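**Student:** As input, take start-v6.txt (compact mmCIF, C-alpha atoms):
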```txt
# COMPACT_ATOMS: atom_id res chain seq x y z
CA MET A 1 5.06 -43.17 35.96
CA LEU A 2 7.87 -45.33 37.45
CA PHE A 3 11.05 -46.42 35.66
CA SER A 4 13.60 -49.07 36.59
CA VAL A 5 17.14 -48.01 37.45
CA GLN A 6 18.38 -49.94 34.44
CA PHE A 7 16.02 -48.06 32.12
CA VAL A 8 17.07 -44.68 33.51
CA VAL A 9 20.76 -45.47 33.10
CA ALA A 10 20.22 -46.79 29.57
CA PHE A 11 18.23 -43.69 28.65
CA PHE A 12 20.90 -41.39 30.09
CA ILE A 13 23.68 -43.09 28.10
CA ALA A 14 21.63 -42.94 24.94
CA PHE A 15 20.82 -39.30 25.52
CA ILE A 16 24.45 -38.33 26.10
CA THR A 17 25.33 -40.07 22.85
CA LEU A 18 22.57 -38.09 21.15
CA VAL A 19 23.94 -34.81 22.51
CA GLN A 20 27.43 -35.60 21.36
CA ALA A 21 26.08 -36.34 17.89
CA GLY A 22 23.98 -33.16 17.97
CA PRO A 23 25.27 -31.40 14.83
CA ALA A 24 24.21 -34.31 12.63
CA ARG A 25 20.82 -34.88 14.23
CA GLY A 26 17.85 -33.09 12.75
CA GLY A 27 20.14 -31.02 10.52
CA LYS A 28 17.77 -31.00 7.56
CA LYS A 29 14.95 -29.56 9.64
CA HIS A 30 16.68 -27.27 12.09
CA GLY A 31 20.05 -26.35 10.63
CA ALA A 32 23.58 -27.18 11.70
CA ALA A 33 25.95 -26.49 14.55
CA VAL A 34 27.51 -23.02 14.67
CA ASN A 35 30.67 -21.77 16.36
CA GLY A 36 31.12 -24.86 18.47
CA ILE A 37 27.55 -24.94 19.73
CA GLY A 38 26.16 -28.50 19.82
CA VAL A 39 22.62 -27.41 18.93
CA PRO A 40 21.44 -27.39 15.29
CA VAL A 41 20.56 -23.78 14.48
CA SER A 42 19.36 -22.08 11.31
CA ASN A 43 21.73 -19.08 11.37
CA THR A 44 24.98 -20.95 10.81
CA LYS A 45 26.82 -17.90 9.48
CA ALA A 46 25.90 -15.64 12.38
CA ALA A 47 28.50 -13.39 13.96
CA ASN A 48 28.64 -12.33 17.63
CA VAL A 49 26.75 -15.42 18.83
CA ILE A 50 25.72 -15.45 22.50
CA SER A 51 26.57 -18.85 23.94
CA ASN A 52 23.65 -21.01 25.08
CA ARG A 53 21.03 -18.37 24.28
CA TYR A 54 18.41 -19.25 21.66
CA ILE A 55 15.32 -18.06 19.80
CA VAL A 56 12.81 -20.86 19.23
CA VAL A 57 10.23 -20.37 16.45
CA TYR A 58 7.12 -22.51 16.17
CA ASN A 59 5.51 -23.98 13.08
CA ALA A 60 2.69 -21.93 11.60
CA ASN A 61 0.39 -24.98 11.64
CA ALA A 62 0.98 -25.77 15.32
CA THR A 63 -2.13 -25.06 17.38
CA ASP A 64 -2.05 -22.41 20.09
CA ASP A 65 -2.83 -25.10 22.68
CA ALA A 66 0.12 -27.20 21.50
CA VAL A 67 2.48 -24.23 21.62
CA THR A 68 1.27 -23.21 25.07
CA ALA A 69 1.67 -26.77 26.35
CA HIS A 70 5.18 -27.01 24.91
CA GLN A 71 6.22 -23.72 26.48
CA ALA A 72 4.77 -24.83 29.82
CA SER A 73 6.80 -28.03 29.68
CA VAL A 74 9.96 -26.08 28.95
CA MET A 75 9.27 -23.70 31.85
CA THR A 76 8.76 -26.69 34.15
CA ALA A 77 12.08 -28.15 33.03
CA MET A 78 13.77 -24.80 33.59
CA ARG A 79 12.49 -24.65 37.18
CA LYS A 80 13.94 -28.10 37.84
CA ARG A 81 17.30 -27.27 36.29
CA SER A 82 20.31 -26.84 38.57
CA ILE A 83 20.79 -23.27 39.74
CA ASN A 84 24.47 -23.78 38.92
CA ALA A 85 23.87 -24.44 35.22
CA ARG A 86 26.34 -22.44 33.16
CA SER A 87 26.95 -21.53 29.53
CA ILE A 88 30.05 -22.69 27.65
CA ASP A 89 31.67 -19.32 28.44
CA GLY A 90 31.03 -19.73 32.17
CA ARG A 91 27.98 -17.45 32.49
CA THR A 92 25.21 -18.56 34.86
CA LEU A 93 22.21 -19.43 32.70
CA SER A 94 19.06 -17.37 33.21
CA PRO A 95 15.91 -19.30 34.26
CA ALA A 96 13.68 -16.91 32.30
CA VAL A 97 11.63 -18.04 29.30
CA ASP A 98 10.22 -15.16 27.26
CA ALA A 99 7.35 -16.11 24.95
CA PHE A 100 6.18 -13.94 22.07
CA SER A 101 3.23 -13.99 19.68
CA MET A 102 2.63 -11.59 16.79
CA MET A 103 -0.13 -12.10 14.24
CA GLY A 104 0.19 -15.89 14.35
CA TRP A 105 4.01 -15.89 14.50
CA ARG A 106 5.02 -17.48 17.81
CA GLY A 107 8.16 -18.38 19.65
CA MET A 108 10.23 -17.99 22.79
CA THR A 109 13.71 -17.08 23.89
CA LEU A 110 15.69 -18.83 26.58
CA GLU A 111 19.13 -19.83 27.84
CA ALA A 112 19.72 -23.57 28.06
CA GLU A 113 22.23 -26.39 27.87
CA ASP A 114 22.65 -28.34 24.65
CA ALA A 115 20.70 -31.32 25.99
CA MET A 116 17.59 -29.27 26.68
CA MET A 117 17.81 -27.48 23.33
CA LEU A 118 18.20 -30.78 21.46
CA GLU A 119 15.01 -31.99 23.09
CA ILE A 120 13.23 -28.73 22.17
CA SER A 121 14.43 -28.95 18.58
CA ALA A 122 12.91 -32.43 18.27
CA ALA A 123 9.42 -31.23 19.21
CA SER A 124 6.97 -31.40 16.30
CA GLU A 125 5.71 -27.91 17.11
CA VAL A 126 9.13 -26.33 16.53
CA ALA A 127 10.00 -24.95 13.07
CA TYR A 128 13.58 -23.85 13.75
CA ILE A 129 15.98 -22.53 16.36
CA GLU A 130 18.32 -19.58 16.00
CA ALA A 131 21.37 -18.82 18.08
CA ASP A 132 20.80 -15.43 19.65
CA VAL A 133 23.32 -12.79 18.58
CA LYS A 134 24.45 -9.39 19.70
CA VAL A 135 23.14 -6.31 17.89
CA THR A 136 24.31 -2.70 18.05
CA ALA A 137 23.09 0.80 17.36
CA GLN A 138 23.99 2.00 13.86
CA ALA A 139 25.55 5.38 14.74
CA LEU A 140 29.10 6.58 14.19
CA VAL A 141 31.30 9.14 15.93
CA GLN A 142 29.94 12.41 17.26
CA GLN A 143 30.78 15.51 15.22
CA THR A 144 30.20 19.26 15.51
CA THR A 145 27.76 21.25 13.41
CA THR A 146 25.08 23.90 13.83
CA ALA A 147 22.37 23.23 11.24
CA PRO A 148 19.88 20.34 10.72
CA LEU A 149 20.66 19.82 7.04
CA GLY A 150 18.57 16.68 6.85
CA LEU A 151 15.23 18.45 7.29
CA ARG A 152 16.10 20.94 4.60
CA ARG A 153 17.09 18.17 2.23
CA ILE A 154 13.95 16.05 2.52
CA SER A 155 11.64 19.03 1.89
CA HIS A 156 13.30 20.02 -1.39
CA ALA A 157 13.83 18.26 -4.68
CA ALA A 158 17.50 19.24 -4.75
CA ALA A 159 20.27 19.80 -2.21
CA GLY A 160 21.29 23.28 -1.09
CA SER A 161 18.05 24.67 0.39
CA SER A 162 17.99 26.95 3.44
CA ALA A 163 14.68 26.03 5.13
CA TYR A 164 12.51 23.08 6.11
CA VAL A 165 9.11 23.33 4.41
CA PHE A 166 6.33 21.14 5.80
CA ASP A 167 2.61 20.71 6.41
CA ASP A 168 1.74 21.73 9.97
CA THR A 169 -0.28 18.55 10.56
CA ALA A 170 3.16 16.88 10.70
CA GLY A 171 2.37 13.45 12.15
CA SER A 172 -0.69 14.37 14.20
CA GLY A 173 -2.55 11.26 15.36
CA ILE A 174 0.37 8.95 14.57
CA THR A 175 2.45 7.07 17.16
CA ALA A 176 6.12 6.32 16.54
CA PHE A 177 7.66 3.51 18.58
CA VAL A 178 11.43 3.90 18.92
CA VAL A 179 13.06 0.50 19.50
CA ASP A 180 16.46 1.64 20.72
CA THR A 181 18.30 2.80 23.87
CA GLY A 182 15.27 4.61 25.28
CA ILE A 183 14.25 8.27 25.15
CA ARG A 184 15.01 11.18 27.46
CA THR A 185 11.27 11.91 27.61
CA THR A 186 11.75 15.12 29.60
CA HIS A 187 13.75 16.84 26.86
CA SER A 188 12.24 20.15 25.74
CA GLU A 189 12.20 18.97 22.10
CA PHE A 190 9.41 16.50 22.84
CA GLY A 191 6.94 18.84 24.52
CA GLY A 192 5.30 16.06 26.53
CA ARG A 193 4.69 13.89 23.44
CA ALA A 194 7.33 11.29 24.40
CA VAL A 195 6.40 8.57 26.89
CA TRP A 196 8.00 5.44 28.26
CA GLY A 197 6.72 2.17 26.85
CA ALA A 198 8.85 -0.79 27.91
CA ASN A 199 12.33 -1.70 29.07
CA PHE A 200 13.93 -5.03 28.12
CA VAL A 201 17.41 -4.11 29.38
CA ASN A 202 17.25 -3.03 33.02
CA THR A 203 15.13 -1.03 35.48
CA ASN A 204 16.50 2.38 34.53
CA ASN A 205 13.73 3.91 32.44
CA THR A 206 15.75 6.55 30.67
CA ASP A 207 18.19 6.78 27.80
CA GLU A 208 21.65 5.98 29.16
CA ASN A 209 23.36 6.18 25.77
CA GLY A 210 21.80 9.02 23.78
CA HIS A 211 21.21 7.11 20.56
CA GLY A 212 17.47 6.61 21.05
CA SER A 213 16.87 10.21 22.05
CA HIS A 214 18.80 11.47 19.02
CA VAL A 215 16.74 9.20 16.76
CA SER A 216 13.52 10.35 18.42
CA GLY A 217 14.47 13.98 17.96
CA THR A 218 14.84 13.42 14.23
CA ILE A 219 11.50 11.65 14.02
CA GLY A 220 9.47 14.13 16.03
CA GLY A 221 11.41 16.86 17.83
CA THR A 222 9.91 20.36 17.71
CA THR A 223 13.11 21.75 16.17
CA PHE A 224 14.88 18.74 14.67
CA GLY A 225 11.92 16.51 13.82
CA VAL A 226 10.33 15.63 10.50
CA ALA A 227 6.90 15.00 12.06
CA LYS A 228 6.66 17.61 14.80
CA SER A 229 3.29 16.51 16.22
CA VAL A 230 3.87 12.74 16.32
CA ASN A 231 3.61 10.84 19.61
CA LEU A 232 6.78 8.99 20.62
CA VAL A 233 7.05 5.79 22.66
CA ALA A 234 10.35 4.52 24.08
CA VAL A 235 11.03 0.77 23.78
CA LYS A 236 14.43 0.13 25.35
CA VAL A 237 16.32 -2.87 23.94
CA LEU A 238 19.90 -1.54 23.93
CA ASP A 239 22.07 -0.76 26.96
CA LYS A 240 24.22 2.23 27.81
CA SER A 241 26.90 1.06 25.38
CA GLY A 242 24.36 0.77 22.55
CA ALA A 243 24.45 -3.04 22.54
CA GLY A 244 21.68 -5.61 22.83
CA THR A 245 20.47 -8.95 21.46
CA ASN A 246 18.18 -10.17 18.70
CA SER A 247 15.96 -11.76 21.33
CA GLY A 248 15.69 -8.43 23.13
CA VAL A 249 14.71 -6.67 19.91
CA ILE A 250 12.06 -9.33 19.24
CA SER A 251 10.70 -8.82 22.75
CA GLY A 252 10.50 -5.11 21.99
CA LEU A 253 8.63 -5.73 18.74
CA ASN A 254 6.27 -8.10 20.54
CA PHE A 255 5.49 -5.28 22.98
CA VAL A 256 4.77 -2.95 20.06
CA ALA A 257 2.42 -5.48 18.44
CA GLN A 258 0.51 -6.00 21.69
CA ASN A 259 0.30 -2.25 22.33
CA VAL A 260 -0.86 -1.48 18.81
CA THR A 261 -3.59 -4.11 19.04
CA ALA A 262 -4.75 -3.03 22.50
CA ALA A 263 -4.80 0.68 21.65
CA GLY A 264 -6.31 0.31 18.18
CA LEU A 265 -3.26 1.84 16.49
CA ALA A 266 -3.20 -0.35 13.37
CA GLY A 267 -2.63 1.99 10.45
CA LYS A 268 -1.59 4.75 12.83
CA ALA A 269 1.79 3.48 14.02
CA VAL A 270 5.39 3.58 12.84
CA VAL A 271 8.39 1.73 14.29
CA ASN A 272 11.98 2.87 13.88
CA ILE A 273 14.73 0.27 14.34
CA SER A 274 18.16 1.87 13.99
CA ILE A 275 19.86 -1.39 14.96
CA GLY A 276 21.88 -3.97 13.07
CA GLY A 277 23.39 -7.43 13.37
CA SER A 278 23.81 -10.72 11.52
CA PHE A 279 21.07 -12.01 9.23
CA SER A 280 18.20 -13.43 11.28
CA SER A 281 15.13 -15.20 9.90
CA ALA A 282 13.50 -14.84 13.31
CA LEU A 283 13.95 -11.07 13.48
CA ASN A 284 12.84 -10.64 9.87
CA SER A 285 9.76 -12.77 10.59
CA ALA A 286 8.94 -10.63 13.62
CA ILE A 287 9.01 -7.56 11.38
CA ALA A 288 6.75 -9.29 8.85
CA ALA A 289 4.28 -10.06 11.64
CA LEU A 290 4.39 -6.46 12.84
CA THR A 291 3.72 -5.24 9.31
CA ARG A 292 0.70 -7.56 9.08
CA ALA A 293 -0.52 -5.92 12.28
CA GLY A 294 -0.71 -2.61 10.38
CA VAL A 295 2.56 -1.08 11.56
CA THR A 296 4.95 0.65 9.17
CA VAL A 297 8.45 -0.56 10.05
CA VAL A 298 11.55 1.47 9.14
CA CYS A 299 15.10 0.09 9.55
CA ALA A 300 18.64 1.38 9.17
CA ALA A 301 20.62 -0.27 6.35
CA GLY A 302 23.79 -0.54 8.46
CA ASN A 303 27.22 1.05 8.55
CA GLU A 304 29.60 -1.61 7.22
CA ASN A 305 29.68 -0.51 3.54
CA VAL A 306 28.46 -3.98 2.52
CA ASP A 307 25.36 -5.41 0.88
CA ALA A 308 22.59 -5.04 3.47
CA SER A 309 21.07 -8.41 2.49
CA SER A 310 23.56 -10.08 4.83
CA THR A 311 22.22 -8.24 7.88
CA SER A 312 19.03 -7.95 9.93
CA PRO A 313 16.70 -6.23 10.33
CA ALA A 314 17.79 -4.38 7.17
CA SER A 315 17.07 -7.44 5.00
CA ALA A 316 13.46 -7.79 6.22
CA PRO A 317 11.35 -7.64 3.03
CA SER A 318 8.43 -5.81 4.65
CA ALA A 319 10.56 -3.09 6.27
CA ILE A 320 11.46 0.22 4.67
CA THR A 321 15.25 -0.06 4.67
CA VAL A 322 17.14 3.23 4.62
CA GLY A 323 20.65 4.00 3.42
CA ALA A 324 22.51 7.20 4.27
CA ILE A 325 23.58 10.14 2.10
CA ASP A 326 25.45 13.36 2.75
CA ALA A 327 22.64 15.93 2.52
CA SER A 328 24.97 18.54 1.10
CA THR A 329 26.08 16.46 -1.89
CA ASP A 330 23.54 13.62 -2.32
CA ALA A 331 26.42 11.13 -2.34
CA ARG A 332 26.01 7.84 -0.51
CA ALA A 333 27.83 8.05 2.80
CA SER A 334 31.06 6.07 2.73
CA PHE A 335 29.90 3.89 5.61
CA SER A 336 26.35 3.18 4.37
CA ASN A 337 25.32 -0.33 3.43
CA PHE A 338 23.74 -0.77 0.02
CA GLY A 339 22.03 -3.27 -2.28
CA SER A 340 18.63 -4.30 -3.53
CA VAL A 341 17.11 -4.58 -0.04
CA VAL A 342 17.61 -0.83 0.44
CA ASP A 343 14.39 1.03 -0.39
CA ILE A 344 15.44 4.65 -0.15
CA PHE A 345 18.20 6.99 1.05
CA ALA A 346 18.01 9.85 3.54
CA PRO A 347 20.44 12.24 5.29
CA GLY A 348 22.77 10.45 7.66
CA VAL A 349 25.93 12.59 7.85
CA SER A 350 26.38 15.20 10.60
CA VAL A 351 22.75 15.09 11.73
CA LEU A 352 21.89 17.53 14.51
CA SER A 353 19.29 16.35 17.05
CA VAL A 354 18.63 15.73 20.74
CA GLY A 355 21.36 15.06 23.32
CA ILE A 356 20.93 13.63 26.82
CA LYS A 357 23.19 15.74 29.04
CA SER A 358 20.30 18.05 29.87
CA ASN A 359 16.74 18.75 28.78
CA THR A 360 18.03 21.22 26.20
CA ASP A 361 21.16 19.34 25.08
CA THR A 362 21.93 18.70 21.42
CA ALA A 363 24.22 16.23 19.68
CA THR A 364 25.42 15.64 16.13
CA LEU A 365 25.82 12.07 14.92
CA SER A 366 26.40 10.24 11.65
CA GLY A 367 25.16 6.82 10.56
CA THR A 368 22.32 5.01 8.89
CA SER A 369 20.79 5.22 12.37
CA MET A 370 20.34 8.89 11.62
CA ALA A 371 18.98 8.30 8.10
CA SER A 372 16.32 5.84 9.24
CA PRO A 373 14.45 8.25 11.57
CA HIS A 374 14.21 10.82 8.76
CA VAL A 375 12.19 8.20 6.88
CA ALA A 376 10.27 7.04 9.98
CA GLY A 377 9.32 10.67 10.57
CA LEU A 378 8.43 11.02 6.90
CA ALA A 379 6.23 7.92 7.12
CA ALA A 380 4.34 9.44 10.07
CA TYR A 381 4.13 12.74 8.18
CA LEU A 382 2.70 11.17 5.02
CA MET A 383 0.27 8.99 6.98
CA ALA A 384 -1.17 12.09 8.65
CA VAL A 385 -1.16 14.41 5.63
CA ASN A 386 -2.51 11.85 3.14
CA SER A 387 -4.61 9.70 5.50
CA ILE A 388 -2.62 6.59 4.51
CA THR A 389 -2.92 3.54 6.76
CA ALA A 390 -1.53 0.45 4.99
CA PRO A 391 2.26 0.01 5.30
CA ALA A 392 2.50 -0.96 1.60
CA ASP A 393 0.74 2.27 0.64
CA VAL A 394 3.10 4.30 2.81
CA VAL A 395 6.23 2.99 1.08
CA ALA A 396 4.58 3.31 -2.34
CA LYS A 397 3.75 6.98 -1.69
CA MET A 398 7.24 7.62 -0.38
CA LYS A 399 8.91 6.08 -3.42
CA SER A 400 6.57 7.90 -5.80
CA LEU A 401 7.40 11.27 -4.26
CA ALA A 402 11.13 10.53 -4.33
CA ALA A 403 11.04 9.42 -7.95
CA GLY A 404 9.26 12.61 -8.97
CA THR A 405 12.08 14.91 -7.89
CA GLY A 406 14.61 13.73 -10.44
CA ALA A 407 17.27 13.76 -7.73
CA VAL A 408 19.50 10.69 -7.52
CA VAL A 409 22.06 9.33 -5.12
CA SER A 410 25.57 9.42 -6.52
CA LYS A 411 27.56 6.19 -6.17
CA PRO A 412 24.64 4.39 -4.47
CA GLY A 413 26.36 1.00 -4.44
CA THR A 414 25.74 -2.16 -6.44
CA GLY A 415 22.05 -3.02 -6.73
CA SER A 416 20.87 0.02 -4.80
CA PRO A 417 18.03 2.35 -5.74
CA THR A 418 18.88 6.03 -6.24
CA LEU A 419 15.81 7.46 -4.49
CA ILE A 420 16.20 10.26 -1.94
CA ALA A 421 13.44 10.78 0.63
CA TYR A 422 11.19 13.78 -0.09
CA ASN A 423 8.07 15.08 1.68
CA GLY A 424 6.29 16.41 -1.39
CA SER A 425 6.40 20.09 -0.42
CA GLY A 426 6.49 21.11 -4.08
CA LEU A 427 9.88 22.80 -3.77
```
Transcribe the structure of this file into structure tokens.
**Tutor:**
Amino acid sequence: MLFSVQFVVAFFIAFITLVQAGPARGGKKHGAAVNGIGVPVSNTKAANVISNRYIVVYNANATDDAVTAHQASVMTAMRKRSINARSIDGRTLSPAVDAFSMMGWRGMTLEAEDAMMLEISAASEVAYIEADVKVTAQALVQQTTTAPLGLRRISHAAAGSSAYVFDDTAGSGITAFVVDTGIRTTHSEFGGRAVWGANFVNTNNTDENGHGSHVSGTIGGTTFGVAKSVNLVAVKVLDKSGAGTNSGVISGLNFVAQNVTAAGLAGKAVVNISIGGSFSSALNSAIAALTRAGVTVVCAAGNENVDASSTSPASAPSAITVGAIDASTDARASFSNFGSVVDIFAPGVSVLSVGIKSNTDTATLSGTSMASPHVAGLAAYLMAVNSITAPADVVAKMKSLAAGTGAVVSKPGTGSPTLIAYNGSGL
């Protein structure tokens, strides 16, 4: 199709005007401008926004063909874009477009100038756009201790026990995906049950931080783990500093969904996400899709001592959201987030688990990151022991067992439950 010079110039002027008026355009459908970004986004209160990086979510009623065609057009436009295109903070924009699809929930992530994003937001197939944000691991400072108190606590109705009591089936036949910094798969605690799944950070397929390995040890280590026979899969979405992005986490969850479907693991899989950031409808929707795929999703409540409803993925309704207690006192940890979105509490203070300095190294960490894997391990444990497959049944069983102990969290925080995770050992 040919256009006159006059038409092209007129269109360009009109389009520039449209870009400059971006915050007002389409606001009712797509949101409003945030932090100086000229693109209407849905997460206007987001913190730690990454300039010019976006998560695009498609309408549920858009056909697969329409979504595919739209993504193809965007990829074509990206290939034609100047290689010198930069974000508002001076970063060279990536040409990559990462598409995802989970149980009918579809979208893509990309880096683009305002003009391109305004055009994308106007497409009838698009439901909303989120500004991508930074997320971090939910662990605190390293401490020194010699005993895994958490395991003792979750196998007894009351604090103060001296042993971990458990069924020796302990997660057999269940796969736990650890969406985190990776896993030191060669560590002796894993006994060959930990494998590498995917890396959305770099090409170094190992844990460069230690957070993911520590979490994995609590889920399924032979000494430190709740479910000692569970299979562990590393999904790396955080770098050596423990930082990542919402879009990276969504890519990790998309990998899990595809893997679960391909391997027939629906009803036999658990995901632990000991990560936190600003509230994100996109991330919460990804978790809902993963739950529909038959995966039990467990998330850390966060370490800001605030209501967890303001954060994601802790606020995801279909996730089991875990707050932290001190296993020696049953008091909510001073750092733990709280509120009605929290489902249950578990040990998260001075938790001993796997380290990454060697294949026999140990480390002691505190945080809701450490509480969450106790519950992820417990989910795998209960799924194996009780032959439970549906995520809703897993959380129902977990809450029923916890309620039966009579133990309660002291000072749980406004709106919080008082349930403490328990494996039903009878002690």
**Student:** Residues within 12 Å of segment 72-75 of chain A, please, as a list in words. Count only C-alpha atoms; anything in the same chain fewer than 4 positions from it doesn't count.
**Tutor:** Val56, Asp65, Ala66, Val67, Thr68, Arg79, Lys80, Arg81, Ser94, Pro95, Ala96, Val97, Asp98, Ala99, Met108, Thr109, Leu110, Glu111, Ala112, Met116, Met117, Glu119, Ile120, Ser121 and Ala123 of chain A
**Student:** For a cut-off of 10 Å around (0.9, -23.3, 11.4), file coordinates, pick out all residues using only C-alpha atoms and list them as a list in words.
**Tutor:**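 Residues close enough to count: Tyr58, Asn59, Ala60, Asn61, Ala62, Thr63, Asp64, Gly104, Trp105, Arg106, Glu125 and Ala127 of chain A.
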**Student:** Wanna dump the segment 340-407 of chain A-segment 149-159 of chain A contacts at 7 Å for me, each residue with its shortest atom pair and the distance in Å to one decimal, counting all atoms listed in the file, ordered by chain and number, as JSON lines?
**Tutor:**
```
{"residue": "A:Pro347", "atom": "CA", "partner": "A:Gly150", "partner_atom": "CA", "distance": 5.1}
{"residue": "A:Val351", "atom": "CA", "partner": "A:Gly150", "partner_atom": "CA", "distance": 6.6}
{"residue": "A:Thr405", "atom": "CA", "partner": "A:Ala157", "partner_atom": "CA", "distance": 5.0}
{"residue": "A:Ala407", "atom": "CA", "partner": "A:Ala158", "partner_atom": "CA", "distance": 6.2}
```
**Student:** Excluding Asp180 of chain A and any residue of its chain fewer than 2 positions from it, enumerate the residues within 9 Å of it, using only C-alpha atoms, and give them as a PDB file with C-alpha atoms, in the frame of the given file.
**Tutor:**
```pdb
ATOM      1  CA  ALA A 137      23.090   0.800  17.360  1.00  0.00           C
ATOM      2  CA  VAL A 178      11.430   3.900  18.920  1.00  0.00           C
ATOM      3  CA  GLY A 182      15.270   4.610  25.280  1.00  0.00           C
ATOM      4  CA  ILE A 183      14.250   8.270  25.150  1.00  0.00           C
ATOM      5  CA  ASP A 207      18.190   6.780  27.800  1.00  0.00           C
ATOM      6  CA  HIS A 211      21.210   7.110  20.560  1.00  0.00           C
ATOM      7  CA  GLY A 212      17.470   6.610  21.050  1.00  0.00           C
ATOM      8  CA  SER A 213      16.870  10.210  22.050  1.00  0.00           C
ATOM      9  CA  VAL A 215      16.740   9.200  16.760  1.00  0.00           C
ATOM     10  CA  ALA A 234      10.350   4.520  24.080  1.00  0.00           C
ATOM     11  CA  VAL A 235      11.030   0.770  23.780  1.00  0.00           C
ATOM     12  CA  LYS A 236      14.430   0.130  25.350  1.00  0.00           C
ATOM     13  CA  VAL A 237      16.320  -2.870  23.940  1.00  0.00           C
ATOM     14  CA  LEU A 238      19.900  -1.540  23.930  1.00  0.00           C
ATOM     15  CA  ASP A 239      22.070  -0.760  26.960  1.00  0.00           C
ATOM     16  CA  GLY A 242      24.360   0.770  22.550  1.00  0.00           C
ATOM     17  CA  VAL A 249      14.710  -6.670  19.910  1.00  0.00           C
ATOM     18  CA  ASN A 272      11.980   2.870  13.880  1.00  0.00           C
ATOM     19  CA  ILE A 273      14.730   0.270  14.340  1.00  0.00           C
ATOM     20  CA  SER A 274      18.160   1.870  13.990  1.00  0.00           C
ATOM     21  CA  ILE A 275      19.860  -1.390  14.960  1.00  0.00           C
TER      22      ILE A 275
END
```
**Student:** Could you jot down the atom CA of Ala227 of chain A to atom CA of Val270 of chain A separation for me, Å, one decimal place?
**Tutor:**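 Computed distance, atom CA of Ala227 of chain A to atom CA of Val270 of chain A, equals 11.5 Å.
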**Student:** Hey, which bits of segment 214-312 of chain A sit within 12 Å of segment 45-52 of chain A, and for each residue what's the closest pair of atoms and how far apart in Å (one decimal), counting only C-alpha atoms, rows by chain and increasing number, as JSON lines?
**Tutor:**
```
{"residue": "A:Ala243", "atom": "CA", "partner": "A:Asn48", "partner_atom": "CA", "distance": 11.3}
{"residue": "A:Gly244", "atom": "CA", "partner": "A:Ile50", "partner_atom": "CA", "distance": 10.6}
{"residue": "A:Thr245", "atom": "CA", "partner": "A:Ile50", "partner_atom": "CA", "distance": 8.4}
{"residue": "A:Asn246", "atom": "CA", "partner": "A:Ile50", "partner_atom": "CA", "distance": 10.0}
{"residue": "A:Ser247", "atom": "CA", "partner": "A:Ile50", "partner_atom": "CA", "distance": 10.5}
{"residue": "A:Gly276", "atom": "CA", "partner": "A:Ala47", "partner_atom": "CA", "distance": 11.5}
{"residue": "A:Gly277", "atom": "CA", "partner": "A:Ala47", "partner_atom": "CA", "distance": 7.9}
{"residue": "A:Ser278", "atom": "CA", "partner": "A:Ala46", "partner_atom": "CA", "distance": 5.4}
{"residue": "A:Phe279", "atom": "CA", "partner": "A:Ala46", "partner_atom": "CA", "distance": 6.8}
{"residue": "A:Ser280", "atom": "CA", "partner": "A:Ala46", "partner_atom": "CA", "distance": 8.1}
{"residue": "A:Ser281", "atom": "CA", "partner": "A:Ala46", "partner_atom": "CA", "distance": 11.1}
{"residue": "A:Ser310", "atom": "CA", "partner": "A:Ala46", "partner_atom": "CA", "distance": 9.7}
{"residue": "A:Thr311", "atom": "CA", "partner": "A:Ala46", "partner_atom": "CA", "distance": 9.4}
{"residue": "A:Ser312", "atom": "CA", "partner": "A:Ala46", "partner_atom": "CA", "distance": 10.6}
```
**Student:** With 7 Å as the threshold, what does the neighbourhood of (20.4, 3.0, 2.9) contain in terms of residues, counting all atoms listed in the file? Coordinates are those of the file; answer as an mmCIF file with C-alpha atoms, in the frame of the given file.
**Tutor:**
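Once everything was written out, this is selection_12.cif:
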```cif
data_model
loop_
_atom_site.group_PDB
_atom_site.id
_atom_site.type_symbol
_atom_site.label_atom_id
_atom_site.label_comp_id
_atom_site.auth_asym_id
_atom_site.auth_seq_id
_atom_site.Cartn_x
_atom_site.Cartn_y
_atom_site.Cartn_z
ATOM 1 C CA ALA A 300 18.640 1.380 9.170
ATOM 2 C CA ALA A 301 20.620 -0.270 6.350
ATOM 3 C CA THR A 321 15.250 -0.060 4.670
ATOM 4 C CA VAL A 322 17.140 3.230 4.620
ATOM 5 C CA GLY A 323 20.650 4.000 3.420
ATOM 6 C CA ALA A 324 22.510 7.200 4.270
ATOM 7 C CA SER A 336 26.350 3.180 4.370
ATOM 8 C CA ASN A 337 25.320 -0.330 3.430
ATOM 9 C CA PHE A 338 23.740 -0.770 0.020
ATOM 10 C CA VAL A 342 17.610 -0.830 0.440
ATOM 11 C CA ILE A 344 15.440 4.650 -0.150
ATOM 12 C CA PHE A 345 18.200 6.990 1.050
ATOM 13 C CA THR A 368 22.320 5.010 8.890
#
```
**Student:** Between atom CA of Arg193 of chain A and atom CA of Ser387 of chain A, what is the spacing in Å?
**Tutor:** 20.6 Å
**Student:** With distances taken over all atoms listed in the file, which of A:Gly415, A:Gly210, A:Gly348, A:Pro391 is nearest to Val306 of chain A?
**Tutor:**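 Residue with the minimum atom-to-atom distance to Val306 of chain A: A:Gly415.
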**Student:** Let me make sure I understand: among A:Gly252, A:Gly221, A:Gly173, A:Gly367, which one has the smallest atom-to-atom distance to Phe190 of chain A if we use only C-alpha atoms?
**Tutor:**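 Closest to Phe190 of chain A of all the choices is A:Gly221.
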**Student:** For Ala392 of chain A, work out the shell of residues within 12 Å, counting all atoms listed in the file and skipping chain neighbours fewer than 3 positions away, then give it as a count of residues only.
**Tutor:** 21
**Student:** How far is it from atom CA of Ile174 of chain A to atom CA of Leu382 of chain A, in Å with one decimal?
**Tutor:**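 Computing the Euclidean distance for atom CA of Ile174 of chain A and atom CA of Leu382 of chain A yields 10.1 Å.
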